[in-house]
Amino acid sequence: DREMLTADRIQLNMLEFMPVFLALLWLHAFVVSSIEATILGASYTLARAVYPLLLPRKMGKDIPPRLLIATFAGYILLIAMAVRIMQHL
């Protein structure tokens, strides 16, 4: 069912990066700044919240290019957290 595929994709997308996000968020809060971690964490959560809005109701085999906005925004925020942690070690 194509509607179920959309729901699965939303849920799995969030779960795929949750351990990485939480580890980086906590490390960033302890090593760099809790205020900066809050801002980056809220931004990442917003990018994940936008993801389902960009998905079509019935997903086919191809990935809509507009999904890359939320996906790469999330990746960039995770990389930013990791880089800032490395700078403070």
# chains A, B, ... in the order shown; residues from 1 in each chain; ligands from 1
$ residues_around --residues "Phe21 (chain A)" --least-positions-apart "2" --cutoff "12 Å" --atoms "only C-alpha atoms" --output "ChimeraX atom specification"
/A:14-19,23-28,37,40-45,48,74-82
$ write_last_selection --atoms "N, CA, C and O atoms" --output "mmCIF file, in the first residue's frame"
data_model
loop_
_atom_site.group_PDB
_atom_site.id
_atom_site.type_symbol
_atom_site.label_atom_id
_atom_site.label_comp_id
_atom_site.auth_asym_id
_atom_site.auth_seq_id
_atom_site.Cartn_x
_atom_site.Cartn_y
_atom_site.Cartn_z
ATOM 1 N N MET A 14 12.831 9.188 11.056
ATOM 2 C CA MET A 14 13.093 9.746 12.382
ATOM 3 C C MET A 14 13.920 8.783 13.224
ATOM 4 O O MET A 14 14.856 9.184 13.905
ATOM 5 N N LEU A 15 13.590 7.500 13.171
ATOM 6 C CA LEU A 15 14.302 6.513 13.983
ATOM 7 C C LEU A 15 15.740 6.268 13.523
ATOM 8 O O LEU A 15 16.602 5.968 14.343
ATOM 9 N N GLU A 16 16.002 6.410 12.238
ATOM 10 C CA GLU A 16 17.344 6.139 11.704
ATOM 11 C C GLU A 16 18.407 7.017 12.355
ATOM 12 O O GLU A 16 19.505 6.559 12.644
ATOM 13 N N PHE A 17 18.077 8.269 12.566
ATOM 14 C CA PHE A 17 19.080 9.205 13.072
ATOM 15 C C PHE A 17 18.871 9.609 14.524
ATOM 16 O O PHE A 17 19.633 10.425 15.054
ATOM 17 N N MET A 18 17.868 9.051 15.185
ATOM 18 C CA MET A 18 17.608 9.414 16.579
ATOM 19 C C MET A 18 18.800 9.120 17.502
ATOM 20 O O MET A 18 19.178 9.983 18.297
ATOM 21 N N PRO A 19 19.441 7.935 17.432
ATOM 22 C CA PRO A 19 20.580 7.690 18.327
ATOM 23 C C PRO A 19 21.735 8.659 18.070
ATOM 24 O O PRO A 19 22.341 9.163 19.019
ATOM 25 N N ALA A 23 22.920 11.452 20.882
ATOM 26 C CA ALA A 23 24.315 11.410 21.354
ATOM 27 C C ALA A 23 25.010 12.745 21.092
ATOM 28 O O ALA A 23 25.681 13.292 21.987
ATOM 29 N N LEU A 24 24.850 13.272 19.883
ATOM 30 C CA LEU A 24 25.485 14.558 19.567
ATOM 31 C C LEU A 24 24.888 15.695 20.389
ATOM 32 O O LEU A 24 25.609 16.599 20.821
ATOM 33 N N LEU A 25 23.594 15.668 20.603
ATOM 34 C CA LEU A 25 22.938 16.729 21.369
ATOM 35 C C LEU A 25 23.468 16.770 22.808
ATOM 36 O O LEU A 25 23.838 17.837 23.316
ATOM 37 N N TRP A 26 23.530 15.610 23.451
ATOM 38 C CA TRP A 26 24.019 15.564 24.832
ATOM 39 C C TRP A 26 25.498 15.920 24.915
ATOM 40 O O TRP A 26 25.913 16.673 25.803
ATOM 41 N N LEU A 27 26.292 15.386 24.006
ATOM 42 C CA LEU A 27 27.716 15.736 23.998
ATOM 43 C C LEU A 27 27.907 17.227 23.781
ATOM 44 O O LEU A 27 28.743 17.869 24.423
ATOM 45 N N HIS A 28 27.153 17.778 22.858
ATOM 46 C CA HIS A 28 27.262 19.210 22.555
ATOM 47 C C HIS A 28 26.895 20.033 23.777
ATOM 48 O O HIS A 28 27.558 21.026 24.094
ATOM 49 N N ALA A 37 23.379 23.966 22.038
ATOM 50 C CA ALA A 37 22.779 22.648 21.823
ATOM 51 C C ALA A 37 21.261 22.763 21.717
ATOM 52 O O ALA A 37 20.638 22.074 20.897
ATOM 53 N N LEU A 40 20.540 24.260 18.189
ATOM 54 C CA LEU A 40 20.771 23.262 17.135
ATOM 55 C C LEU A 40 19.773 22.107 17.242
ATOM 56 O O LEU A 40 19.277 21.608 16.226
ATOM 57 N N GLY A 41 19.463 21.694 18.453
ATOM 58 C CA GLY A 41 18.502 20.617 18.650
ATOM 59 C C GLY A 41 17.097 20.999 18.201
ATOM 60 O O GLY A 41 16.395 20.205 17.572
ATOM 61 N N ALA A 42 16.696 22.212 18.510
ATOM 62 C CA ALA A 42 15.375 22.692 18.067
ATOM 63 C C ALA A 42 15.331 22.817 16.543
ATOM 64 O O ALA A 42 14.317 22.484 15.923
ATOM 65 N N SER A 43 16.428 23.263 15.954
ATOM 66 C CA SER A 43 16.493 23.379 14.497
ATOM 67 C C SER A 43 16.407 22.007 13.839
ATOM 68 O O SER A 43 15.722 21.834 12.826
ATOM 69 N N TYR A 44 17.103 21.035 14.404
ATOM 70 C CA TYR A 44 17.055 19.670 13.870
ATOM 71 C C TYR A 44 15.639 19.098 13.986
ATOM 72 O O TYR A 44 15.124 18.489 13.052
ATOM 73 N N THR A 45 15.006 19.322 15.134
ATOM 74 C CA THR A 45 13.645 18.834 15.345
ATOM 75 C C THR A 45 12.680 19.480 14.357
ATOM 76 O O THR A 45 11.789 18.823 13.816
ATOM 77 N N ARG A 48 13.104 17.813 11.023
ATOM 78 C CA ARG A 48 12.426 16.507 11.023
ATOM 79 C C ARG A 48 10.912 16.687 10.969
ATOM 80 O O ARG A 48 10.210 15.879 10.379
ATOM 81 N N GLY A 74 18.844 18.454 8.051
ATOM 82 C CA GLY A 74 19.133 17.618 9.214
ATOM 83 C C GLY A 74 20.578 17.151 9.235
ATOM 84 O O GLY A 74 21.243 17.183 10.273
ATOM 85 N N TYR A 75 21.076 16.711 8.073
ATOM 86 C CA TYR A 75 22.475 16.266 7.989
ATOM 87 C C TYR A 75 23.434 17.399 8.338
ATOM 88 O O TYR A 75 24.411 17.199 9.063
ATOM 89 N N ILE A 76 23.172 18.572 7.807
ATOM 90 C CA ILE A 76 24.049 19.722 8.063
ATOM 91 C C ILE A 76 24.066 20.068 9.550
ATOM 92 O O ILE A 76 25.129 20.364 10.119
ATOM 93 N N LEU A 77 22.919 20.014 10.197
ATOM 94 C CA LEU A 77 22.863 20.311 11.628
ATOM 95 C C LEU A 77 23.609 19.261 12.448
ATOM 96 O O LEU A 77 24.300 19.601 13.414
ATOM 97 N N LEU A 78 23.493 17.989 12.079
ATOM 98 C CA LEU A 78 24.245 16.938 12.783
ATOM 99 C C LEU A 78 25.748 17.130 12.591
ATOM 100 O O LEU A 78 26.524 16.998 13.550
ATOM 101 N N ILE A 79 26.156 17.456 11.385
ATOM 102 C CA ILE A 79 27.578 17.701 11.113
ATOM 103 C C ILE A 79 28.065 18.911 11.888
ATOM 104 O O ILE A 79 29.171 18.902 12.457
ATOM 105 N N ALA A 80 27.251 19.962 11.953
ATOM 106 C CA ALA A 80 27.628 21.160 12.707
ATOM 107 C C ALA A 80 27.846 20.837 14.179
ATOM 108 O O ALA A 80 28.816 21.303 14.796
ATOM 109 N N MET A 81 26.972 20.012 14.752
ATOM 110 C CA MET A 81 27.143 19.619 16.150
ATOM 111 C C MET A 81 28.437 18.833 16.341
ATOM 112 O O MET A 81 29.189 19.083 17.286
ATOM 113 N N ALA A 82 28.694 17.892 15.437
ATOM 114 C CA ALA A 82 29.896 17.065 15.545
ATOM 115 C C ALA A 82 31.164 17.910 15.405
ATOM 116 O O ALA A 82 32.121 17.729 16.166
#
$ closest_residue --among "A:Leu55, A:Met86, A:Ile35, A:Ala47" --to "Thr71 (chain A)" --atoms "only C-alpha atoms"
A:Ala47
$ residues_around --residues "Glu3 (chain A)" --least-positions-apart "6" --cutoff "12 Å" --atoms "only C-alpha atoms" --output "count of residues only"
8
$ atom_distance --atom1 "CA of Thr6 (chain A)" --atom2 "CA of Ile69 (chain A)"
17.1 Å
$ atom_distance --atom1 "CA of Ala73 (chain A)" --atom2 "CA of Val32 (chain A)"
20.9 Å
$ atom_distance --atom1 "CA of Glu36 (chain A)" --atom2 "CA of Val50 (chain A)"
21.2 Å
$ select_by_dssp --residues "chain A" --states "helix (DSSP H, G or I)" --output "JSON, numbers by chain"
{"A": [2, 3, 4, 5, 6, 7, 8, 9, 10, 11, 12, 13, 14, 15, 16, 17, 18, 19, 20, 21, 22, 23, 24, 25, 26, 27, 28, 29, 30, 31, 34, 35, 36, 37, 38, 39, 40, 41, 42, 43, 44, 45, 46, 47, 48, 49, 50, 51, 52, 53, 54, 67, 68, 69, 70, 71, 72, 73, 74, 75, 76, 77, 78, 79, 80, 81, 82, 83, 84, 85, 86, 87]}
$ closest_residue --among "A:Arg66, A:Gln87, A:Val20, A:Phe30" --to "Pro52 (chain A)" --atoms "only C-alpha atoms"
A:Arg66
